[in-house]
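Input: a single structure, listed below in structure tokens.
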Amino acid sequence: MTSLLINKLAKLQNSVDNIRNICILAHVDHGKTSLADSLVATNGVISSRLAGKLRYMDSRKDEQERGITMKSSAIALFYLEEGKEYLVNLMDSPGHVDFSSEVSTAVRLCDGAILVVDVVEGVQPQTKVVLRQAWDEGIKPVLVLNKVDRLVVEMKQDPLAAYHHMVQVLEQVNALVAEMFNQEVLEQSSKVTQEKKNVEIGVDDVYDWSSGMEDADDSSLYFSPEMGNVVFCSAVDGWAFSLNTFAKIYSKKLGFSESVLQRTLWGDFYINMKAKKIYNGAGAKAKKPLFVSLVLDNIWAVYEAVVVRKDKERLEKMVSSLSLTVPARDLRSTDPKQQLSAIFSSWLPLAAAVLSMVARKLPSPAQLGPERAEMLLCSKTKKFSSLPPATQELKQHFVSCSPSGPTIIFISKMFPVARSQLPEHKARPLTAEELADRREVARARHAEKQQSEGAVQLTAEQMEQLTTREKVVAGVKKETEKEPEIAFIAFARVYSGCVEPGQELWVIGPKYDPAVTAVSLESGQVPLNCHVTRATVDNLYILLGRDLEQVDKVPAGNVLGMSGLASSVLKSATLSTTPWCPPFVPVVQSSVPILRVAVEPVLSSDLPRLEAGLQLLNQADAHVEVLVSEAGEHLLVTAGEVHLQRCLADLTEEYAGCQVTVSDPIVPFRETIVIPPETDMVNEVIQEEKPEEELVVMETPNKQCMVKIRAVPLPAKLARLLEDQGDLIKAMARQKGELTNKTMEEVVKLKKEVFNLLDTDERLQGTGDKIWSLGPKRCGPNLLINMTDFSSSEVWPGGQVARDNTDTRTDMESSLVQGFQLATMAGPLCEEQMMGLAFIVEGWEVKEAGEAGWGPLSGQIVSLVKDCCRRAFLAKPVRLMTAMYVCNIAVKAEVLGKMFTVLHRRRGQVVKEELIEGSSTFTVTAHIPVIESMNFGAELRKQTSGMAMPQLVFSHWEVVDIDPSWEPSTEEELLHFGEKADSENPALRYMNDIRKRKGLKIDEKLVEFAEKQRTLTKSK
């Protein structure tokens, strides 16, 4: 990019109304990066001939090799339309589900989004996810229907069939928008209904039963070509158009006004050329719609002439009739792709159509709106009006995007850059003045040499020794003063005020509360643990894709890069000049990191390098988690297999610079119990029922305390509810008396649901108000229920319990609860967490004194309750629960059978399959255990010759429906499975693998039939 254009971009940063911060969102392989190439080519960064092939925004080597985007990156573009200059900050984001956190970081900094949809595949799972992310952040999307060329070349559709297919895809996308809109309206109306309940209704009053849907205005939400928020394009062939493009062309030719054509080019309209009129009802009268006759027929004719017939004469006629200037060598080219690109880039240039829609339809930073400002500053659990007045005043600066207000910046992520690539470390061309100064200095030095007559002439050997010594000294100095090779740049946006290099700002952490500490910070005192530090901004940069360009000042509304904050900011943060600014609401992550591995260096001497490398990786990747286990292992937690591969490559090549050993994936399991099954392993009804000893009675070693505990499985819905509401239960346990009204409403709702679900089980009826604790970590999906005569503490906020201080059990209550927490944290099968259990304490006695010599009673009670819970657990039919992925696969019909084979080999279960209309592609949804998913994608692509593409997202926990300790016992089972049950028990295999990894005892034979082994000797 030329220095003239960079200066122009820096100047445009001051005109907020002409700035557009946008990101490109789509499912994987729907053409985001190819589209970005054409937009980047308009600024001369890359050649227009390479647009769609170079994939400029994919700067990493592995991105180019795999052909997928793995990180969000930004580039500032200049766009001129009708004399008005625009600065477009374009962000390309990944479409692969493993990198959805990168989408979240890009969406937070934007005001608008380009949603790209492959017109052949239609709406895919990740399309729904990214559209939901844009909706939740309150940003406005526009639609690009990409890969229209596939309808001609691959699908061989005629223009009319292609038009109907496009209408269907557009309806699919609008159905998603309608679903989200309806959900939001109904949520708001339910709040209004709650408020109305408190108002008394008179006899003559009429209750308002409306849901709010009738009054809600959704006219501007949907994607509609006639509104100008839809573009049809082929990024690979470099063309795009909106209805406005053809309305301008045909208004001159046909004599209709542009506004009339804009309204009628899309829809059920046809033209009568004799009467020179446009009529409605093309479908009923078997006429071609205007969109087909005036638009698609012409595009199809070009493809037919170039790709199908390869008719040079006809092509030349088309070029001359359209008055296009196409280089003769492109028309003579034997490559049809080059011919198409040359004709279409001259006739329907892609960048002009897309950037025109962006400039006209997407909002500028100055149109942020009060609702989005409140959403950024205040979390859903608080009311905006509950914030301090000084904090509420900041909303005005957000909405007006004022450069004169207090500086407020949000950093969405930190990204690594090689220090040599920073602008200040790059060699730059010298100016004429600098060259003249250097010339003068050189002349003066030369003159001094000639004047010094007493100088001793050194031999060549002496000169060589001197230079060698200087090199050695310089090398030592460099090693001692060595800077880290990687610098971290903050990917940020200025929401208010103006930022300059050297400016001091408050770095505000997520737990900072301005109401508590802002006054003392203003007076110059920094209290301990106030979650705020002071930092100085180093350099500011315009983001230019693979490059950065230094600037002196960045006003509000702009996206920028900032250096010098690596020591103050880990992943994301809020920066401000005023201590009254609250921390921004955290970026919402759409996926959960589930895949963990243990890493250790090959050489033990490299351990410090590995630890430093892991810290850098943790800062560079927004979605990775780096932990140290209780056993001292370094754990890496990632979103999926592709994400893990990328993290390990970065760790070994860039951050740690040493070889590492990676363990097999450590997939979490859960332990649970089930209702005794009615059938055995061969589906025969179990005749003999063993009497169960459900109630477990145990005493402490000193005979002073006795407990009776029974284990009961919780209803599956209740376990899932407690798992999903973990954050609310955690907040409930931590701040019982400090919950906001909204949070209290959610707690009351949760309490009601828990009570109702407990009452569905006969053994748990009426136990809702007797819940003693939840576990593990006091917020898990297991319950401890008190059915004794002891008055235990209340788990729900607001409950008052009369405590009997004379009761000796009062002081021991925390020990009993701690025993339950330890038991649920590590179950007896393989020391994994328990899930979906209720431990009912039916008796608890503590005597005044016991036998001496057994240590403190509190410690004995902890061990007693832990062992008692474990024994009660084992008294029931036990099962393992495995984490499940929901797997979405786009697969061609001819390899459907091979895909099912791979799925069943991995213990997958197909949930549904749908045929995409007008194509031979199926969308298959299946559930597959996380433990079985390693190399699943690679195997699937290998078996189907690349015709199946899987996307894996964590979904739920599922019970492995076989007892880990099961052995064939009945005649039918022995007949079916054999005496030794040669067919493998998957639950036992999983359990043994976990126990082996944790160093626990395993009941397995190492040598079998030893007497049948023979020593291999010469005489056999």
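Identifiers in the structure tokens: chain A, B, ... in order shown; residue index from 1 per chain; ligand index from 1 in order shown.
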Task: Non-local contacts of Ala938 (chain A) (10 Å; only C-alpha atoms; under 4 positions in same chain excluded) as a list of chain:residue names - done: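 The residues that qualify are A:Met934, A:Lys942, A:Gln943, A:Gly946, A:Met949, A:Pro950.
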Open item on the list: For the strand (DSSP E) assignment from backbone DSSP, which residues of region 178-391 of chain A qualify? Please present them as an MDAnalysis selection string.
Closed with: chainID A and resid 230:234 239:241 269:272 277:280
TODO: Within 10 Å of Val697 (chain A), counting only C-alpha atoms, which residues show up once you throw out same-chain ones fewer than 6 positions away? Write them as number ranges by chain, please.
DONE: A: 706-710, 842-844, 868, 871-872
Save out the residues we just selected, N, CA, C and O atoms, as a PDB file, in the first residue's frame.
```pdb
ATOM      1  N   MET A 706     -21.957 -41.448  63.646  1.00  0.00           N
ATOM      2  CA  MET A 706     -22.546 -42.457  62.763  1.00  0.00           C
ATOM      3  C   MET A 706     -23.439 -41.749  61.726  1.00  0.00           C
ATOM      4  O   MET A 706     -24.187 -40.824  62.074  1.00  0.00           O
ATOM      5  N   VAL A 707     -23.320 -42.168  60.433  1.00  0.00           N
ATOM      6  CA  VAL A 707     -24.188 -41.600  59.384  1.00  0.00           C
ATOM      7  C   VAL A 707     -24.850 -42.719  58.600  1.00  0.00           C
ATOM      8  O   VAL A 707     -24.301 -43.810  58.456  1.00  0.00           O
ATOM      9  N   LYS A 708     -26.075 -42.394  58.103  1.00  0.00           N
ATOM     10  CA  LYS A 708     -26.815 -43.314  57.223  1.00  0.00           C
ATOM     11  C   LYS A 708     -27.089 -42.561  55.924  1.00  0.00           C
ATOM     12  O   LYS A 708     -27.718 -41.488  55.956  1.00  0.00           O
ATOM     13  N   ILE A 709     -26.582 -43.094  54.818  1.00  0.00           N
ATOM     14  CA  ILE A 709     -26.726 -42.396  53.521  1.00  0.00           C
ATOM     15  C   ILE A 709     -27.274 -43.360  52.474  1.00  0.00           C
ATOM     16  O   ILE A 709     -26.884 -44.517  52.407  1.00  0.00           O
ATOM     17  N   ARG A 710     -28.182 -42.825  51.662  1.00  0.00           N
ATOM     18  CA  ARG A 710     -28.752 -43.583  50.537  1.00  0.00           C
ATOM     19  C   ARG A 710     -28.507 -42.780  49.257  1.00  0.00           C
ATOM     20  O   ARG A 710     -28.661 -41.550  49.256  1.00  0.00           O
ATOM     21  N   GLU A 842     -30.067 -39.962  55.921  1.00  0.00           N
ATOM     22  CA  GLU A 842     -31.263 -40.369  56.677  1.00  0.00           C
ATOM     23  C   GLU A 842     -31.000 -40.447  58.179  1.00  0.00           C
ATOM     24  O   GLU A 842     -31.944 -40.582  58.959  1.00  0.00           O
ATOM     25  N   GLY A 843     -29.744 -40.394  58.569  1.00  0.00           N
ATOM     26  CA  GLY A 843     -29.437 -40.403  59.998  1.00  0.00           C
ATOM     27  C   GLY A 843     -28.049 -39.857  60.245  1.00  0.00           C
ATOM     28  O   GLY A 843     -27.123 -40.106  59.466  1.00  0.00           O
ATOM     29  N   TRP A 844     -27.923 -39.077  61.352  1.00  0.00           N
ATOM     30  CA  TRP A 844     -26.613 -38.522  61.703  1.00  0.00           C
ATOM     31  C   TRP A 844     -26.574 -38.325  63.218  1.00  0.00           C
ATOM     32  O   TRP A 844     -27.363 -37.548  63.757  1.00  0.00           O
ATOM     33  N   CYS A 868     -18.734 -43.195  52.876  1.00  0.00           N
ATOM     34  CA  CYS A 868     -20.132 -43.631  52.947  1.00  0.00           C
ATOM     35  C   CYS A 868     -20.855 -43.312  51.637  1.00  0.00           C
ATOM     36  O   CYS A 868     -21.617 -44.137  51.122  1.00  0.00           O
ATOM     37  N   ARG A 871     -19.690 -45.762  49.004  1.00  0.00           N
ATOM     38  CA  ARG A 871     -20.265 -47.099  49.176  1.00  0.00           C
ATOM     39  C   ARG A 871     -21.739 -47.104  48.756  1.00  0.00           C
ATOM     40  O   ARG A 871     -22.221 -48.071  48.145  1.00  0.00           O
ATOM     41  N   ALA A 872     -22.461 -46.016  49.077  1.00  0.00           N
ATOM     42  CA  ALA A 872     -23.868 -45.904  48.662  1.00  0.00           C
ATOM     43  C   ALA A 872     -23.957 -45.850  47.136  1.00  0.00           C
ATOM     44  O   ALA A 872     -24.886 -46.403  46.530  1.00  0.00           O
TER      45      ALA A 872
END
```
TODO: Just the helix (DSSP H, G or I) stuff from region 298-446 of chain A, please, per backbone DSSP, written as a ChimeraX atom specification.
DONE: /A:298-308,312-321,328-332,336-347,350-361,365-367,370-377,384-386,389-400,419-421,423-425,432-446
Task: Nearest to Phe78 (chain A), chosen from A:Val754, A:Leu528, A:Ala275, A:Leu544, with only C-alpha atoms counted in the distances - done: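 Nearest candidate to Phe78 (chain A) out of A:Val754, A:Leu528, A:Ala275, A:Leu544: A:Leu544.
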Task: Using only C-alpha atoms: which of A:Leu145, A:Leu39, A:Ala175, A:Ala987 has the shortest distance to Ala352 (chain A) - done: A:Leu39
TODO: Please provide as a ChimeraX atom specification all residues within 10 Å of Ile409 (chain A), with the sequence filter that same-chain residues fewer than 5 positions apart are discarded (counting only C-alpha atoms).
DONE: /A:492-499,505,507,556-560,573-577,584
Could those residues be written to a file, using C-alpha atoms, as a PDB file, in the first residue's frame?
```
ATOM      1  CA  ALA A 492      -8.745  -2.820  19.891  1.00  0.00           C
ATOM      2  CA  ARG A 493     -11.340  -0.173  19.138  1.00  0.00           C
ATOM      3  CA  VAL A 494     -11.668   3.374  20.497  1.00  0.00           C
ATOM      4  CA  TYR A 495     -15.271   3.945  21.640  1.00  0.00           C
ATOM      5  CA  SER A 496     -14.795   7.455  23.016  1.00  0.00           C
ATOM      6  CA  GLY A 497     -12.121  10.133  23.158  1.00  0.00           C
ATOM      7  CA  CYS A 498      -8.759  10.029  21.443  1.00  0.00           C
ATOM      8  CA  VAL A 499      -5.648   7.912  22.090  1.00  0.00           C
ATOM      9  CA  LEU A 505      -4.576   4.779  30.920  1.00  0.00           C
ATOM     10  CA  VAL A 507      -6.354  -1.055  32.583  1.00  0.00           C
ATOM     11  CA  ALA A 556     -13.135   7.496  18.504  1.00  0.00           C
ATOM     12  CA  GLY A 557     -14.815   5.004  16.180  1.00  0.00           C
ATOM     13  CA  ASN A 558     -11.630   3.446  14.781  1.00  0.00           C
ATOM     14  CA  VAL A 559     -10.114  -0.027  14.975  1.00  0.00           C
ATOM     15  CA  LEU A 560      -6.397  -0.016  15.775  1.00  0.00           C
ATOM     16  CA  ALA A 573      -9.411  -5.665  28.793  1.00  0.00           C
ATOM     17  CA  THR A 574     -11.023  -2.234  28.990  1.00  0.00           C
ATOM     18  CA  LEU A 575      -8.784   0.868  28.933  1.00  0.00           C
ATOM     19  CA  SER A 576      -9.943   4.278  30.108  1.00  0.00           C
ATOM     20  CA  THR A 577      -8.724   7.648  31.313  1.00  0.00           C
ATOM     21  CA  PHE A 584     -17.033  -4.054  29.230  1.00  0.00           C
TER      22      PHE A 584
END
```
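We find CA of Phe181 (chain A) and CA of Pro141 (chain A) to be spaced 13.7 Å apart.
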Task: 7 Å contact set for region 284-296 of chain A, only C-alpha atoms, chain neighbours under 2 positions out, as a PyMOL selection string - done: chain A and resi 159-160+163+265-266+268-271+281-282+298-300
Any chance you could export the current selection's all heavy atoms as a short mmCIF file (atom, residue, chain, number, x, y, z; two decimals), in the first residue's frame?
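Generated file (again06.cif):
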```
data_model
loop_
_atom_site.label_atom_id
_atom_site.label_comp_id
_atom_site.auth_asym_id
_atom_site.auth_seq_id
_atom_site.Cartn_x
_atom_site.Cartn_y
_atom_site.Cartn_z
N PRO A 159 -31.56 -20.71 -15.84
CA PRO A 159 -31.75 -19.49 -15.05
C PRO A 159 -33.01 -19.50 -14.17
O PRO A 159 -32.96 -19.01 -13.04
CB PRO A 159 -31.83 -18.40 -16.12
CG PRO A 159 -31.05 -18.93 -17.27
CD PRO A 159 -31.29 -20.40 -17.26
N LEU A 160 -34.11 -20.07 -14.66
CA LEU A 160 -35.35 -20.06 -13.88
C LEU A 160 -35.22 -20.94 -12.63
O LEU A 160 -35.62 -20.53 -11.53
CB LEU A 160 -36.52 -20.54 -14.74
CG LEU A 160 -37.92 -20.41 -14.12
CD1 LEU A 160 -38.24 -18.95 -13.82
CD2 LEU A 160 -38.98 -21.01 -15.05
N TYR A 163 -33.08 -19.21 -10.14
CA TYR A 163 -33.81 -18.13 -9.46
C TYR A 163 -34.64 -18.70 -8.30
O TYR A 163 -34.61 -18.17 -7.18
CB TYR A 163 -34.71 -17.40 -10.46
CG TYR A 163 -35.75 -16.51 -9.83
CD1 TYR A 163 -35.38 -15.33 -9.17
CD2 TYR A 163 -37.10 -16.84 -9.89
CE1 TYR A 163 -36.33 -14.51 -8.59
CE2 TYR A 163 -38.06 -16.02 -9.30
CZ TYR A 163 -37.67 -14.86 -8.66
OH TYR A 163 -38.61 -14.05 -8.07
N LEU A 265 -37.37 -5.74 -10.04
CA LEU A 265 -36.41 -6.71 -10.59
C LEU A 265 -36.41 -8.02 -9.81
O LEU A 265 -36.04 -9.06 -10.33
CB LEU A 265 -34.99 -6.11 -10.59
CG LEU A 265 -34.56 -5.41 -11.88
CD1 LEU A 265 -33.21 -4.75 -11.70
CD2 LEU A 265 -34.50 -6.37 -13.06
N TRP A 266 -36.76 -7.99 -8.54
CA TRP A 266 -36.84 -9.21 -7.74
C TRP A 266 -38.31 -9.45 -7.39
O TRP A 266 -38.99 -8.55 -6.92
CB TRP A 266 -36.01 -9.08 -6.46
CG TRP A 266 -36.01 -10.32 -5.60
CD1 TRP A 266 -36.82 -10.58 -4.54
CD2 TRP A 266 -35.16 -11.46 -5.75
NE1 TRP A 266 -36.52 -11.80 -4.01
CE2 TRP A 266 -35.50 -12.38 -4.73
CE3 TRP A 266 -34.14 -11.80 -6.64
CZ2 TRP A 266 -34.86 -13.60 -4.57
CZ3 TRP A 266 -33.52 -13.03 -6.48
CH2 TRP A 266 -33.88 -13.92 -5.45
N ASP A 268 -42.22 -11.56 -8.34
CA ASP A 268 -43.07 -12.21 -9.35
C ASP A 268 -43.55 -11.20 -10.40
O ASP A 268 -44.75 -11.03 -10.63
CB ASP A 268 -44.27 -12.85 -8.63
CG ASP A 268 -44.94 -13.91 -9.49
OD1 ASP A 268 -44.25 -14.49 -10.34
OD2 ASP A 268 -46.16 -14.13 -9.32
N PHE A 269 -42.59 -10.48 -11.01
CA PHE A 269 -42.93 -9.46 -12.00
C PHE A 269 -42.38 -9.88 -13.36
O PHE A 269 -41.32 -10.50 -13.45
CB PHE A 269 -42.33 -8.10 -11.61
CG PHE A 269 -42.86 -7.56 -10.31
CD1 PHE A 269 -42.15 -7.76 -9.13
CD2 PHE A 269 -44.05 -6.86 -10.26
CE1 PHE A 269 -42.62 -7.27 -7.93
CE2 PHE A 269 -44.53 -6.36 -9.07
CZ PHE A 269 -43.82 -6.57 -7.89
N TYR A 270 -43.09 -9.49 -14.44
CA TYR A 270 -42.59 -9.73 -15.79
C TYR A 270 -42.82 -8.48 -16.63
O TYR A 270 -43.62 -7.61 -16.27
CB TYR A 270 -43.24 -10.96 -16.42
CG TYR A 270 -44.71 -10.78 -16.77
CD1 TYR A 270 -45.09 -10.44 -18.07
CD2 TYR A 270 -45.71 -10.95 -15.82
CE1 TYR A 270 -46.44 -10.28 -18.40
CE2 TYR A 270 -47.04 -10.80 -16.13
CZ TYR A 270 -47.40 -10.45 -17.43
OH TYR A 270 -48.72 -10.28 -17.75
N ILE A 271 -42.12 -8.40 -17.75
CA ILE A 271 -42.20 -7.20 -18.59
C ILE A 271 -42.88 -7.54 -19.92
O ILE A 271 -42.65 -8.59 -20.50
CB ILE A 271 -40.78 -6.62 -18.82
CG1 ILE A 271 -40.86 -5.25 -19.49
CG2 ILE A 271 -39.90 -7.56 -19.61
CD1 ILE A 271 -39.54 -4.48 -19.46
N GLY A 281 -47.48 -11.22 -11.40
CA GLY A 281 -48.04 -12.55 -11.67
C GLY A 281 -47.32 -13.31 -12.75
O GLY A 281 -47.95 -13.94 -13.60
N ALA A 282 -46.00 -13.26 -12.76
CA ALA A 282 -45.22 -13.98 -13.78
C ALA A 282 -45.42 -15.49 -13.67
O ALA A 282 -45.53 -16.19 -14.67
CB ALA A 282 -43.73 -13.64 -13.63
N ASN A 298 -28.49 -13.17 -19.07
CA ASN A 298 -27.25 -12.57 -19.61
C ASN A 298 -26.01 -13.19 -18.99
O ASN A 298 -25.02 -13.46 -19.69
CB ASN A 298 -27.25 -11.06 -19.34
CG ASN A 298 -28.35 -10.36 -20.12
OD1 ASN A 298 -28.58 -10.66 -21.28
ND2 ASN A 298 -29.05 -9.45 -19.47
N ILE A 299 -26.05 -13.43 -17.66
CA ILE A 299 -24.89 -14.03 -16.98
C ILE A 299 -24.71 -15.47 -17.46
O ILE A 299 -23.58 -15.90 -17.74
CB ILE A 299 -25.08 -13.96 -15.45
CG1 ILE A 299 -25.00 -12.50 -14.98
CG2 ILE A 299 -24.02 -14.80 -14.72
CD1 ILE A 299 -25.41 -12.27 -13.56
N TRP A 300 -25.82 -16.20 -17.58
CA TRP A 300 -25.75 -17.60 -18.07
C TRP A 300 -25.20 -17.64 -19.50
O TRP A 300 -24.47 -18.56 -19.87
CB TRP A 300 -27.14 -18.23 -18.02
CG TRP A 300 -27.37 -19.15 -16.87
CD1 TRP A 300 -27.67 -20.48 -16.93
CD2 TRP A 300 -27.34 -18.84 -15.46
NE1 TRP A 300 -27.83 -21.01 -15.67
CE2 TRP A 300 -27.63 -20.03 -14.74
CE3 TRP A 300 -27.10 -17.69 -14.73
CZ2 TRP A 300 -27.68 -20.08 -13.35
CZ3 TRP A 300 -27.15 -17.73 -13.35
CH2 TRP A 300 -27.43 -18.91 -12.67
#
```
Task: All residues 8 Å or closer to Gln589 (chain A), only C-alpha atoms, same chain fewer than 6 positions away omitted, as a PyMOL selection string - done: chain A and resi 100-101+104
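Nearest residue to Gln725 (chain A) among A:Leu651, A:Leu90, A:Cys779, A:Ile114 is A:Cys779, counting only C-alpha atoms.
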Task: Residues within 10 Å of Ala373 (chain A), only C-alpha atoms, excluding chain neighbours under 4 positions, as a PyMOL selection string - done: chain A and resi 138+368-369+377-378+394-399+495+584
